[in-house]
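Enquirer: Pasting protein-v7.txt here (compact mmCIF, C-alpha atoms (C1' of nucleotides)):
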```txt
# COMPACT_ATOMS: atom_id res chain seq x y z
CA MET J 16 70.32 121.19 102.57
CA ASN J 17 71.84 124.32 104.10
CA ASN J 18 74.83 124.56 106.42
CA ASP J 19 72.81 124.38 109.60
CA ASP J 20 71.24 121.16 108.43
CA VAL J 21 74.69 119.76 107.68
CA LEU J 22 75.81 120.72 111.17
CA GLY J 23 72.79 118.96 112.58
CA VAL J 24 73.54 115.81 110.63
CA ALA J 25 77.18 115.87 111.69
CA MET J 26 76.29 116.46 115.33
CA ALA J 27 73.87 113.56 115.32
CA ALA J 28 76.45 111.28 113.72
CA TYR J 29 79.26 112.25 116.09
CA TRP J 30 76.94 112.08 119.05
CA GLN J 31 75.40 108.75 118.17
CA GLY J 32 78.70 106.92 117.71
CA ASP J 33 82.27 107.92 118.45
CA PRO J 34 83.45 111.20 116.88
CA ALA J 35 86.69 109.49 115.88
CA ASP J 36 84.85 106.75 114.03
CA VAL J 37 82.79 109.01 111.78
CA SER J 38 84.62 110.06 108.63
CA VAL J 39 83.99 113.20 106.64
CA ASN J 40 83.07 110.97 103.75
CA ALA J 41 80.33 109.41 105.83
CA ILE J 42 79.02 112.81 106.85
CA THR J 43 78.89 114.17 103.31
CA GLN J 44 77.02 111.04 102.30
CA MET J 45 74.51 111.33 105.15
CA ALA J 46 74.02 115.01 104.47
CA GLY J 47 73.71 114.43 100.74
CA ILE J 48 76.35 116.98 99.83
CA SER J 49 79.71 116.75 98.13
CA LYS J 50 82.99 116.75 99.96
CA PRO J 51 84.33 120.02 98.51
CA SER J 52 81.14 121.77 99.64
CA LEU J 53 81.75 120.68 103.19
CA TYR J 54 85.39 121.71 103.03
CA ARG J 55 84.50 125.11 101.59
CA GLU J 56 82.17 125.72 104.51
CA PHE J 57 84.22 124.35 107.39
CA GLY J 58 87.79 124.32 106.11
CA SER J 59 88.80 121.00 107.56
CA GLU J 60 87.59 118.10 109.64
CA ASP J 61 88.86 119.96 112.66
CA GLY J 62 86.81 123.01 111.68
CA LEU J 63 83.69 120.90 111.27
CA LYS J 64 84.13 119.25 114.65
CA LEU J 65 84.70 122.62 116.25
CA ALA J 66 81.49 123.98 114.73
CA VAL J 67 79.62 120.89 115.88
CA LEU J 68 81.01 121.20 119.39
CA ASP J 69 80.00 124.85 119.59
CA ARG J 70 76.52 124.00 118.47
CA TYR J 71 76.36 121.18 121.01
CA ALA J 72 77.55 123.45 123.81
CA GLU J 73 74.88 125.97 123.01
CA GLN J 74 72.06 123.48 122.52
CA VAL J 75 72.80 120.87 125.18
CA LEU J 76 75.56 121.76 127.60
CA SER J 77 73.85 125.07 128.33
CA ASP J 78 71.17 123.10 130.15
CA MET J 79 73.73 121.82 132.62
CA PHE J 80 75.01 125.31 133.27
CA VAL J 81 71.44 126.44 133.84
CA ILE J 82 71.03 123.78 136.51
CA LEU J 83 74.27 124.79 138.19
CA HIS J 84 73.52 128.50 138.13
CA GLY J 85 69.88 128.12 139.11
CA GLY J 86 70.52 129.37 142.61
CA LYS J 87 68.76 126.38 144.16
CA GLY J 88 70.04 124.66 147.27
CA LEU J 89 72.56 121.85 147.47
CA ARG J 90 70.21 118.88 147.55
CA GLU J 91 67.85 120.23 144.94
CA THR J 92 70.64 121.01 142.51
CA LEU J 93 72.35 117.68 143.01
CA ASP J 94 69.04 115.95 142.41
CA ALA J 95 68.58 117.90 139.20
CA LEU J 96 72.09 116.89 138.08
CA ILE J 97 71.35 113.27 138.93
CA ASP J 98 68.11 113.44 136.97
CA PHE J 99 69.84 114.94 133.98
CA ALA J 100 72.73 112.48 133.96
CA SER J 101 70.75 109.33 134.58
CA ASP J 102 67.39 109.99 132.94
CA ASP J 103 67.48 112.70 130.30
CA PRO J 104 66.77 110.94 127.00
CA ARG J 105 69.28 113.16 125.22
CA MET J 106 71.99 111.40 127.18
CA ASP J 107 70.92 107.95 126.01
CA THR J 108 73.90 107.82 123.70
CA GLY J 109 76.18 109.70 126.07
CA CYS J 110 77.45 113.24 125.93
CA LEU J 111 79.22 114.41 122.80
CA PHE J 112 81.48 116.66 124.82
CA TYR J 113 82.61 113.86 127.10
CA LYS J 114 83.16 111.62 124.10
CA MET J 115 85.39 114.24 122.55
CA ARG J 116 87.21 114.80 125.82
CA ALA J 117 87.81 111.07 126.22
CA GLY J 118 89.31 110.92 122.73
CA LYS J 119 91.05 114.27 122.93
CA HIS J 120 94.25 112.99 121.38
CA ARG J 121 92.36 112.16 118.22
CA LEU J 122 91.07 115.71 117.74
CA GLY J 123 92.59 118.50 115.74
CA PRO J 124 94.08 121.53 117.52
CA LEU J 125 91.02 123.77 117.17
CA THR J 126 88.55 121.30 118.62
CA ARG J 127 90.96 120.18 121.30
CA ALA J 128 91.45 123.75 122.46
CA ARG J 129 87.70 124.29 122.64
CA VAL J 130 87.29 121.07 124.61
CA ASP J 131 89.79 122.40 127.13
CA GLU J 132 87.94 125.70 127.32
CA ILE J 133 84.60 124.04 127.94
CA ASP J 134 86.19 121.74 130.50
CA ALA J 135 87.58 124.70 132.39
CA ALA J 136 84.24 126.48 132.23
CA GLY J 137 82.59 123.37 133.64
CA GLN J 138 85.03 123.17 136.49
CA ALA J 139 84.44 126.81 137.27
CA ALA J 140 80.69 126.34 137.22
CA TYR J 141 80.87 123.38 139.58
CA ALA J 142 83.15 125.33 141.90
CA ALA J 143 80.91 128.39 141.85
CA PHE J 144 77.92 126.23 142.66
CA LEU J 145 79.62 124.61 145.63
CA GLN J 146 80.89 127.96 146.85
CA SER J 147 77.40 129.38 146.67
CA CYS J 148 76.20 126.48 148.79
CA LEU J 149 78.84 127.26 151.37
CA ASP J 150 77.90 130.93 151.31
CA ALA J 151 74.27 129.99 151.84
CA GLY J 152 75.22 128.04 154.94
CA ASP J 153 74.85 124.59 153.39
CA GLY J 154 77.68 122.25 154.25
CA ILE J 155 79.20 120.25 151.40
CA GLY J 156 80.56 117.37 153.41
CA GLY J 157 83.54 119.30 154.69
CA LEU J 158 85.33 119.20 151.35
CA PRO J 159 87.46 121.97 149.88
CA VAL J 160 85.54 123.61 147.05
CA ALA J 161 88.14 122.86 144.38
CA ALA J 162 88.38 119.17 145.22
CA GLY J 163 84.62 118.88 145.47
CA ALA J 164 84.19 120.50 142.07
CA ARG J 165 86.62 118.08 140.43
CA TYR J 166 84.92 115.15 142.10
CA LEU J 167 81.45 116.29 141.16
CA GLY J 168 82.44 116.86 137.56
CA GLU J 169 84.06 113.47 137.18
CA GLN J 170 81.16 111.61 138.73
CA ILE J 171 78.71 113.28 136.38
CA ALA J 172 80.96 112.47 133.45
CA LEU J 173 81.26 108.86 134.55
CA ALA J 174 77.51 108.48 134.88
CA ILE J 175 76.78 109.94 131.46
CA THR J 176 79.54 107.91 129.85
CA GLN J 177 77.94 104.77 131.24
CA ARG J 178 74.67 105.80 129.63
CA ALA J 179 76.44 105.56 126.29
CA SER J 180 77.49 101.98 126.96
CA GLY J 181 73.91 100.90 127.55
CA GLU J 182 74.10 100.55 131.30
CA ASP J 183 70.78 100.40 133.07
CA LYS J 184 69.44 103.82 133.98
CA ALA J 185 68.37 102.79 137.44
CA ARG J 186 71.80 101.39 138.24
CA ILE J 187 73.49 104.52 136.98
CA ARG J 188 71.24 106.64 139.15
CA GLU J 189 71.97 104.40 142.09
CA MET J 190 75.73 104.70 141.64
CA LEU J 191 75.67 108.43 141.02
CA THR J 192 73.44 109.03 144.01
CA LEU J 193 75.85 107.02 146.11
CA ALA J 194 78.85 108.93 144.79
CA LEU J 195 77.26 112.31 145.41
CA SER J 196 76.05 111.35 148.88
CA VAL J 197 79.43 112.48 150.19
CA PHE J 198 78.22 116.06 149.78
CA THR J 199 75.16 115.64 151.96
CA ARG J 200 76.76 113.69 154.74
CA PRO J 201 75.87 114.90 158.24
CA MET B 23 113.53 88.46 118.59
CA ASN B 24 111.25 85.59 119.62
CA ASN B 25 107.48 85.62 120.01
CA ASP B 26 107.50 86.52 123.66
CA ASP B 27 109.62 89.56 122.91
CA VAL B 28 107.17 90.58 120.21
CA LEU B 29 104.32 90.23 122.67
CA GLY B 30 106.23 92.40 125.11
CA VAL B 31 106.79 95.08 122.51
CA ALA B 32 103.14 95.01 121.48
CA MET B 33 101.93 95.17 125.05
CA ALA B 34 104.16 98.14 125.78
CA ALA B 35 102.94 99.93 122.65
CA TYR B 36 99.27 99.27 123.31
CA TRP B 37 99.65 100.14 126.97
CA GLN B 38 101.60 103.31 126.43
CA GLY B 39 99.18 104.83 123.93
CA ASP B 40 95.70 103.78 122.85
CA PRO B 41 95.35 100.23 121.55
CA ALA B 42 93.24 101.52 118.67
CA ASP B 43 95.95 103.96 117.61
CA VAL B 44 98.74 101.44 117.28
CA SER B 45 98.79 99.70 113.91
CA VAL B 46 100.21 96.28 113.20
CA ASN B 47 102.64 98.00 110.85
CA ALA B 48 103.95 100.08 113.75
CA ILE B 49 104.34 97.00 115.93
CA THR B 50 106.26 95.01 113.33
CA GLN B 51 108.52 98.01 112.89
CA MET B 52 109.12 98.40 116.63
CA ALA B 53 109.70 94.69 117.04
CA GLY B 54 111.99 94.57 114.02
CA ILE B 55 110.09 91.76 112.32
CA SER B 56 108.14 91.50 109.11
CA LYS B 57 104.41 91.63 108.89
CA PRO B 58 103.85 88.06 107.62
CA SER B 59 105.89 86.76 110.56
CA LEU B 60 103.54 88.46 112.94
CA TYR B 61 100.49 87.21 111.09
CA ARG B 62 101.82 83.66 110.99
CA GLU B 63 102.22 83.74 114.75
CA PHE B 64 99.03 85.49 115.81
CA GLY B 65 96.70 85.07 112.86
CA SER B 66 95.23 88.55 112.88
CA GLU B 67 95.31 91.84 114.68
CA ASP B 68 92.52 90.52 116.84
CA GLY B 69 94.62 87.47 117.73
CA LEU B 70 97.58 89.65 118.62
CA LYS B 71 95.50 91.87 120.86
CA LEU B 72 93.98 88.84 122.52
CA ALA B 73 97.44 87.41 123.23
CA VAL B 74 98.57 90.76 124.58
CA LEU B 75 95.50 91.04 126.80
CA ASP B 76 96.05 87.56 128.20
CA ARG B 77 99.64 88.38 128.98
CA TYR B 78 98.57 91.62 130.61
CA ALA B 79 95.96 89.88 132.72
CA GLU B 80 98.50 87.40 133.96
CA GLN B 81 101.27 89.90 134.59
CA VAL B 82 99.37 92.91 135.88
CA LEU B 83 95.70 92.35 136.60
CA SER B 84 96.59 89.35 138.74
CA ASP B 85 97.98 91.78 141.30
CA MET B 86 94.57 93.36 141.71
CA PHE B 87 92.95 89.98 142.23
CA VAL B 88 95.61 89.18 144.81
CA ILE B 89 94.69 92.31 146.72
CA LEU B 90 90.99 91.46 146.58
CA HIS B 91 91.43 87.85 147.65
CA GLY B 92 94.00 88.65 150.30
CA GLY B 93 91.53 88.06 153.10
CA LYS B 94 92.35 91.35 154.75
CA GLY B 95 89.72 93.57 156.31
CA LEU B 96 87.64 96.23 154.57
CA ARG B 97 89.73 99.28 155.34
CA GLU B 98 93.05 97.60 154.69
CA THR B 99 91.95 96.20 151.34
CA LEU B 100 90.42 99.48 150.21
CA ASP B 101 93.63 101.23 151.14
CA ALA B 102 95.64 98.74 149.12
CA LEU B 103 93.35 99.32 146.14
CA ILE B 104 93.70 103.06 146.54
CA ASP B 105 97.48 102.71 146.68
CA PHE B 106 97.51 100.56 143.58
CA ALA B 107 95.22 102.81 141.57
CA SER B 108 96.74 106.12 142.52
CA ASP B 109 100.41 105.35 143.10
CA ASP B 110 101.60 102.19 141.37
CA PRO B 111 104.06 103.32 138.71
CA ARG B 112 102.77 100.67 136.32
CA MET B 113 99.51 102.62 136.15
CA ASP B 114 101.26 105.83 135.11
CA THR B 115 99.96 105.35 131.58
CA GLY B 116 96.70 103.84 132.70
CA CYS B 117 95.50 100.27 132.57
CA LEU B 118 95.60 98.43 129.28
CA PHE B 119 92.47 96.49 130.16
CA TYR B 120 90.47 99.60 130.92
CA LYS B 121 91.73 101.20 127.73
CA MET B 122 90.52 98.21 125.76
CA ARG B 123 87.22 98.18 127.60
CA ALA B 124 86.70 101.88 126.90
CA GLY B 125 87.32 101.30 123.19
CA LYS B 126 85.55 97.96 123.06
CA HIS B 127 83.73 98.76 119.84
CA ARG B 128 87.08 99.04 118.07
CA LEU B 129 88.20 95.55 119.06
CA GLY B 130 87.82 92.34 117.12
CA PRO B 131 85.47 89.64 118.37
CA LEU B 132 88.10 87.54 120.14
CA THR B 133 89.55 90.36 122.17
CA ARG B 134 86.15 91.84 122.89
CA ALA B 135 84.90 88.54 124.27
CA ARG B 136 87.96 88.26 126.50
CA VAL B 137 87.43 91.81 127.75
CA ASP B 138 83.90 90.86 128.76
CA GLU B 139 85.18 87.76 130.52
CA ILE B 140 87.76 89.68 132.49
CA ASP B 141 85.21 92.34 133.32
CA ALA B 142 82.84 89.73 134.69
CA ALA B 143 85.65 88.14 136.69
CA GLY B 144 86.48 91.53 138.14
CA GLN B 145 82.89 92.15 139.14
CA ALA B 146 82.78 88.75 140.79
CA ALA B 147 86.00 89.42 142.67
CA TYR B 148 84.74 92.76 143.95
CA ALA B 149 81.47 91.17 145.02
CA ALA B 150 83.23 88.27 146.75
CA PHE B 151 85.43 90.72 148.60
CA LEU B 152 82.50 92.79 149.84
CA GLN B 153 80.58 89.66 150.80
CA SER B 154 83.56 88.42 152.79
CA CYS B 155 83.61 91.75 154.63
CA LEU B 156 79.94 91.35 155.51
CA ASP B 157 80.56 87.79 156.64
CA ALA B 158 83.39 89.01 158.85
CA GLY B 159 81.04 91.47 160.50
CA ASP B 160 82.39 94.56 158.77
CA GLY B 161 79.67 96.85 157.52
CA ILE B 162 80.01 98.18 153.98
CA GLY B 163 77.97 101.34 154.35
CA GLY B 164 74.66 99.53 154.22
CA LEU B 165 74.93 98.86 150.50
CA PRO B 166 73.78 95.77 148.65
CA VAL B 167 76.81 93.71 147.66
CA ALA B 168 76.08 93.80 143.92
CA ALA B 169 75.64 97.56 143.80
CA GLY B 170 78.71 98.09 145.93
CA ALA B 171 80.79 95.87 143.67
CA ARG B 172 79.75 97.78 140.56
CA TYR B 173 80.45 101.07 142.28
CA LEU B 174 83.82 99.97 143.57
CA GLY B 175 84.89 98.66 140.19
CA GLU B 176 83.89 101.81 138.35
CA GLN B 177 85.61 104.10 140.84
CA ILE B 178 88.86 102.16 140.53
CA ALA B 179 88.56 102.26 136.75
CA LEU B 180 87.92 105.99 136.83
CA ALA B 181 90.93 106.64 139.01
CA ILE B 182 93.30 104.60 136.85
CA THR B 183 91.93 106.13 133.67
CA GLN B 184 92.70 109.55 135.05
CA ARG B 185 96.27 108.43 135.68
CA ALA B 186 96.58 107.93 131.93
CA SER B 187 95.55 111.51 131.24
CA GLY B 188 98.31 112.88 133.42
CA GLU B 189 96.15 113.92 136.33
CA ASP B 190 98.00 114.62 139.55
CA LYS B 191 98.48 111.50 141.67
CA ALA B 192 97.61 113.25 144.91
CA ARG B 193 94.37 114.57 143.47
CA ILE B 194 93.43 111.16 142.14
CA ARG B 195 94.07 109.62 145.53
CA GLU B 196 92.00 112.34 147.14
CA MET B 197 89.06 111.73 144.82
CA LEU B 198 89.22 107.96 145.05
CA THR B 199 89.47 108.08 148.83
CA LEU B 200 86.42 110.30 148.88
CA ALA B 201 84.50 108.01 146.56
CA LEU B 202 85.31 104.91 148.57
CA SER B 203 84.53 106.57 151.88
CA VAL B 204 80.92 105.53 151.37
CA PHE B 205 81.95 102.01 152.37
CA THR B 206 83.38 103.03 155.71
CA ARG B 207 80.65 105.35 156.76
CA PRO B 208 79.43 104.90 160.34
C1' DA I 6 70.96 137.30 75.28
C1' DC I 7 75.61 136.93 76.50
C1' DA I 8 79.58 137.18 79.61
C1' DA I 9 81.43 136.90 84.20
C1' DT I 10 81.17 134.90 88.49
C1' DT I 11 79.88 131.71 91.94
C1' DA I 12 78.51 127.21 93.49
C1' DA I 13 78.69 122.35 93.36
C1' DA I 14 80.14 117.89 91.70
C1' DT I 15 83.34 114.40 89.61
C1' DA I 16 87.47 112.54 89.85
C1' DC I 17 91.55 112.36 91.68
C1' DC I 18 95.84 112.80 95.09
C1' DA I 19 99.20 110.63 98.40
C1' DG I 20 99.11 108.03 102.47
C1' DT I 21 97.69 104.38 105.68
C1' DC I 22 95.11 100.51 107.02
C1' DG I 23 94.72 95.12 107.69
C1' DG I 24 96.00 91.23 105.26
C1' DT I 25 98.48 87.99 101.68
C1' DA I 26 100.74 85.87 97.53
C1' DA I 27 105.06 84.89 95.78
C1' DC I 28 109.66 84.09 96.75
C1' DA I 29 114.42 83.40 99.19
C1' DA I 30 117.19 81.51 102.96
C1' DA I 31 117.77 78.14 106.48
C1' DA I 32 116.89 74.14 109.07
C1' DA I 33 115.24 69.77 109.83
C1' DT I 34 114.52 65.12 107.69
C1' DG I 35 115.10 61.22 104.36
C1' DC L 30 123.96 64.85 99.97
C1' DA L 31 119.25 65.85 98.42
C1' DT L 32 114.65 67.06 99.72
C1' DT L 33 111.20 68.74 102.18
C1' DT L 34 109.53 71.88 105.57
C1' DT L 35 109.75 75.71 108.16
C1' DT L 36 111.01 80.80 108.71
C1' DG L 37 111.31 85.21 107.07
C1' DT L 38 111.17 88.89 103.44
C1' DT L 39 109.72 91.87 99.68
C1' DA L 40 106.21 93.46 97.25
C1' DC L 41 101.74 93.81 96.59
C1' DC L 42 96.24 93.94 97.19
C1' DG L 43 91.76 96.47 97.80
C1' DA L 44 89.58 99.58 100.89
C1' DC L 45 89.61 103.49 103.27
C1' DT L 46 91.37 108.16 105.09
C1' DG L 47 91.61 113.58 104.81
C1' DG L 48 92.07 116.84 101.37
C1' DT L 49 92.00 119.19 96.29
C1' DA L 50 92.48 120.31 91.28
C1' DT L 51 89.53 120.44 87.65
C1' DT L 52 85.36 120.59 85.36
C1' DT L 53 80.42 121.30 85.00
C1' DA L 54 76.05 123.75 86.39
C1' DA L 55 73.62 127.52 88.11
C1' DT L 56 73.38 132.34 88.97
C1' DT L 57 74.23 136.98 88.43
C1' DG L 58 75.40 141.61 86.07
C1' DT L 59 75.04 144.14 82.09
```
Would you mind writing the structure in this file as structure tokens?

Expert:
Amino acid sequence: MNNDDVLGVAMAAYWQGDPADVSVNAITQMAGISKPSLYREFGSEDGLKLAVLDRYAEQVLSDMFVILHGGKGLRETLDALIDFASDDPRMDTGCLFYKMRAGKHRLGPLTRARVDEIDAAGQAAYAAFLQSCLDAGDGIGGLPVAAGARYLGEQIALAITQRASGEDKARIREMLTLALSVFTRP
Amino acid sequence: MNNDDVLGVAMAAYWQGDPADVSVNAITQMAGISKPSLYREFGSEDGLKLAVLDRYAEQVLSDMFVILHGGKGLRETLDALIDFASDDPRMDTGCLFYKMRAGKHRLGPLTRARVDEIDAAGQAAYAAFLQSCLDAGDGIGGLPVAAGARYLGEQIALAITQRASGEDKARIREMLTLALSVFTRP
DNA sequence: ACAATTAAATACCAGTCGGTAACAAAAATG
DNA sequence: CATTTTTGTTACCGACTGGTATTTAATTGT
């Protein structure tokens, strides 16, 4: 059981439940390693969560950035975001990043700082996407880019968070589609 | 320091922070009473939280039901909801009910059941409001009542939750107004 | 083969959690 | 006044938390 395997186990555990409800003891047990081994590798619980978050960003969140930077048009990109948020099986138990962001006050300083970084990067990506739509001549419902980016980000987060609470996929899609319809209004 | 005072202290503590992060020890300390006194009165942490939630529903949530059952028109009622969610000073630290609902898995069975009850009552109130708008001849953006009620409830919850994380009031109002504009679309 | 070094595990630390048993003061009841 | 019953307190319980000091096992260098 090498370090990457441990990271995988920890990510699965944090992702499946609530990061704040999974103890280091539980992780060492699931990974079949001793506690000092884990602490030697990651330094602290904060260090472990940071490593997990980085791995998650690179393995999962990257897909969302790919959608946003795909250079497709407004409708096509929004549809891809809706598909991802309401149907991707990886989001069945929610998004680890959003879970961490929702419980930010329970995180250590390292992980919290990284959450803020990723959040800012997300905002920037949403804004860049909307700006590119404007540049391409697509209207975005007459909204300012910054406000639209915040709105878009929060609606996606809301939809994925509802996935974690077992809400029906079709209903989530319905609500998200409705929320994002403000961008494609005549 | 009588029982109602203790309930007030507990409600303030739970409301201010996260209900899951406030221990019974902390509450007894803040209220200046001993732990067995609190347990004799409320039975368990679950019982205390249930009592707090009931008090909160009667003191705060009732105002939202009053708005919904006020018999006013669509636009006026939505505006009142937007005002409440984005400007009412009592929502500066968020809504205790939504905080409990978000951390439902951390609640005891009594409180969790009550959260579900209140949630269902909220859904019903939103649906009744939208139905009354339809009956009065107001269109609600061509949405089915049930879907609209879910959407409306979640958008209000999102807005108030953002209040708790210190988001700017004006931006929250902007986003909520945008989200609810789907109801008043021509 | 033996010594030095590294890796991993056992066992422990102080602190907090929700919850209670045992006990002291006070108030109601005979 | 004496007795019971309620009210409140101190001190404790076992279980868990994040984090480590210490010891044992495996590996390496010579």

Enquirer: Give me the residues near segment 106-109 of chain J as a PyMOL selection string, where near means some atom within 8 Å (using all atoms listed in the file) and where sequence neighbours in that chain fewer than 6 positions away do not count.

Expert: chain J and resi 30-32+99-100+175-181

Enquirer: Could you please take those selected residues and save C-alpha atoms as a compact mmCIF listing (two decimals), in the coordinates of the input?

Expert:
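File out26.txt, as written:
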```
# COMPACT_ATOMS: atom_id res chain seq x y z
CA TRP J 30 76.94 112.08 119.05
CA GLN J 31 75.40 108.75 118.17
CA GLY J 32 78.70 106.92 117.71
CA PHE J 99 69.84 114.94 133.98
CA ALA J 100 72.73 112.48 133.96
CA ILE J 175 76.78 109.94 131.46
CA THR J 176 79.54 107.91 129.85
CA GLN J 177 77.94 104.77 131.24
CA ARG J 178 74.67 105.80 129.63
CA ALA J 179 76.44 105.56 126.29
CA SER J 180 77.49 101.98 126.96
CA GLY J 181 73.91 100.90 127.55
```

Enquirer: Given a cut-off of 9 Å, which residues of chain I touch chain B, counting all atoms listed in the file, written out as a PyMOL selection string?

Expert: chain I and resi 22-25

Enquirer: How about saving the chosen residues, C-alpha atoms (C1' of nucleotides) kept, as a CSV table (one decimal), in the frame of the given file?

Expert:
```
chain,number,residue,atom,x,y,z
I,22,DC,C1',95.1,100.5,107.0
I,23,DG,C1',94.7,95.1,107.7
I,24,DG,C1',96.0,91.2,105.3
I,25,DT,C1',98.5,88.0,101.7
```

Enquirer: Kindly give the distance, in Å, that separates atom CA of Ile178 of chain B and atom CA of Tyr36 of chain B, rounded to a single decimal.

Expert: 20.3 Å

Enquirer: Mind running chain L against chain B at 10 Å and telling me each contacting residue's nearest atom pair with the distance in Å (one decimal), counting only C-alpha atoms (C1' of nucleotides), chain and number ascending, as JSON lines?

Expert:
```
{"residue": "L:DT36", "atom": "C1'", "partner": "B:Ser59", "partner_atom": "CA", "distance": 8.1}
{"residue": "L:DG37", "atom": "C1'", "partner": "B:Ser59", "partner_atom": "CA", "distance": 6.6}
{"residue": "L:DT38", "atom": "C1'", "partner": "B:Ser56", "partner_atom": "CA", "distance": 6.9}
{"residue": "L:DT39", "atom": "C1'", "partner": "B:Ser56", "partner_atom": "CA", "distance": 9.6}
```

Enquirer: What are the centre and the three edge lengths of an axis-aligned box that wraps all atoms of segment 84-94 of chain J in the file, given that 5 Å is added to every side, written as AutoDock Vina command-line options and rounded to one decimal in Å?

Expert:
```
--center_x 70.7 --center_y 122.7 --center_z 142.8 --size_x 15.7 --size_y 23.4 --size_z 19.4
```

Enquirer: Write out as a ChimeraX atom specification every residue belonging to chain B that has an atom at most 12 Å from any atom of chain J, counting only C-alpha atoms.

Expert: /B:39-40,42-43,121,123-128,163-166,168-181,183-184,186-187,189-190,192-208

Enquirer: Take the residues from that selection and write them out as an mmCIF file, in the coordinates of the input, keeping C-alpha atoms.

Expert:
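Saved result, out_2.cif, follows:
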```
data_model
loop_
_atom_site.group_PDB
_atom_site.id
_atom_site.type_symbol
_atom_site.label_atom_id
_atom_site.label_comp_id
_atom_site.auth_asym_id
_atom_site.auth_seq_id
_atom_site.Cartn_x
_atom_site.Cartn_y
_atom_site.Cartn_z
ATOM 1 C CA GLY B 39 99.180 104.830 123.930
ATOM 2 C CA ASP B 40 95.700 103.780 122.850
ATOM 3 C CA ALA B 42 93.240 101.520 118.670
ATOM 4 C CA ASP B 43 95.950 103.960 117.610
ATOM 5 C CA LYS B 121 91.730 101.200 127.730
ATOM 6 C CA ARG B 123 87.220 98.180 127.600
ATOM 7 C CA ALA B 124 86.700 101.880 126.900
ATOM 8 C CA GLY B 125 87.320 101.300 123.190
ATOM 9 C CA LYS B 126 85.550 97.960 123.060
ATOM 10 C CA HIS B 127 83.730 98.760 119.840
ATOM 11 C CA ARG B 128 87.080 99.040 118.070
ATOM 12 C CA GLY B 163 77.970 101.340 154.350
ATOM 13 C CA GLY B 164 74.660 99.530 154.220
ATOM 14 C CA LEU B 165 74.930 98.860 150.500
ATOM 15 C CA PRO B 166 73.780 95.770 148.650
ATOM 16 C CA ALA B 168 76.080 93.800 143.920
ATOM 17 C CA ALA B 169 75.640 97.560 143.800
ATOM 18 C CA GLY B 170 78.710 98.090 145.930
ATOM 19 C CA ALA B 171 80.790 95.870 143.670
ATOM 20 C CA ARG B 172 79.750 97.780 140.560
ATOM 21 C CA TYR B 173 80.450 101.070 142.280
ATOM 22 C CA LEU B 174 83.820 99.970 143.570
ATOM 23 C CA GLY B 175 84.890 98.660 140.190
ATOM 24 C CA GLU B 176 83.890 101.810 138.350
ATOM 25 C CA GLN B 177 85.610 104.100 140.840
ATOM 26 C CA ILE B 178 88.860 102.160 140.530
ATOM 27 C CA ALA B 179 88.560 102.260 136.750
ATOM 28 C CA LEU B 180 87.920 105.990 136.830
ATOM 29 C CA ALA B 181 90.930 106.640 139.010
ATOM 30 C CA THR B 183 91.930 106.130 133.670
ATOM 31 C CA GLN B 184 92.700 109.550 135.050
ATOM 32 C CA ALA B 186 96.580 107.930 131.930
ATOM 33 C CA SER B 187 95.550 111.510 131.240
ATOM 34 C CA GLU B 189 96.150 113.920 136.330
ATOM 35 C CA ASP B 190 98.000 114.620 139.550
ATOM 36 C CA ALA B 192 97.610 113.250 144.910
ATOM 37 C CA ARG B 193 94.370 114.570 143.470
ATOM 38 C CA ILE B 194 93.430 111.160 142.140
ATOM 39 C CA ARG B 195 94.070 109.620 145.530
ATOM 40 C CA GLU B 196 92.000 112.340 147.140
ATOM 41 C CA MET B 197 89.060 111.730 144.820
ATOM 42 C CA LEU B 198 89.220 107.960 145.050
ATOM 43 C CA THR B 199 89.470 108.080 148.830
ATOM 44 C CA LEU B 200 86.420 110.300 148.880
ATOM 45 C CA ALA B 201 84.500 108.010 146.560
ATOM 46 C CA LEU B 202 85.310 104.910 148.570
ATOM 47 C CA SER B 203 84.530 106.570 151.880
ATOM 48 C CA VAL B 204 80.920 105.530 151.370
ATOM 49 C CA PHE B 205 81.950 102.010 152.370
ATOM 50 C CA THR B 206 83.380 103.030 155.710
ATOM 51 C CA ARG B 207 80.650 105.350 156.760
ATOM 52 C CA PRO B 208 79.430 104.900 160.340
#
```

Enquirer: Find the residues near Thr99 of chain B: any atom within 9 Å, counting only C-alpha atoms (C1' of nucleotides), skip ones fewer than 4 places away on the same chain, and give them as a list in words.

Expert: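 So, after excluding close chain neighbours, the residues are Ile89, Leu90, Gly92, Gly93, Lys94, Gly95, Leu103, Ile104 and Phe151 of chain B.
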
Enquirer: Would you work out the distance separating atom CA of Ala28 of chain J from atom CA of Leu125 of chain J, expressed in Å to one decimal?

Expert: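 About the pair atom CA of Ala28 of chain J and atom CA of Leu125 of chain J: they are 19.5 Å apart.
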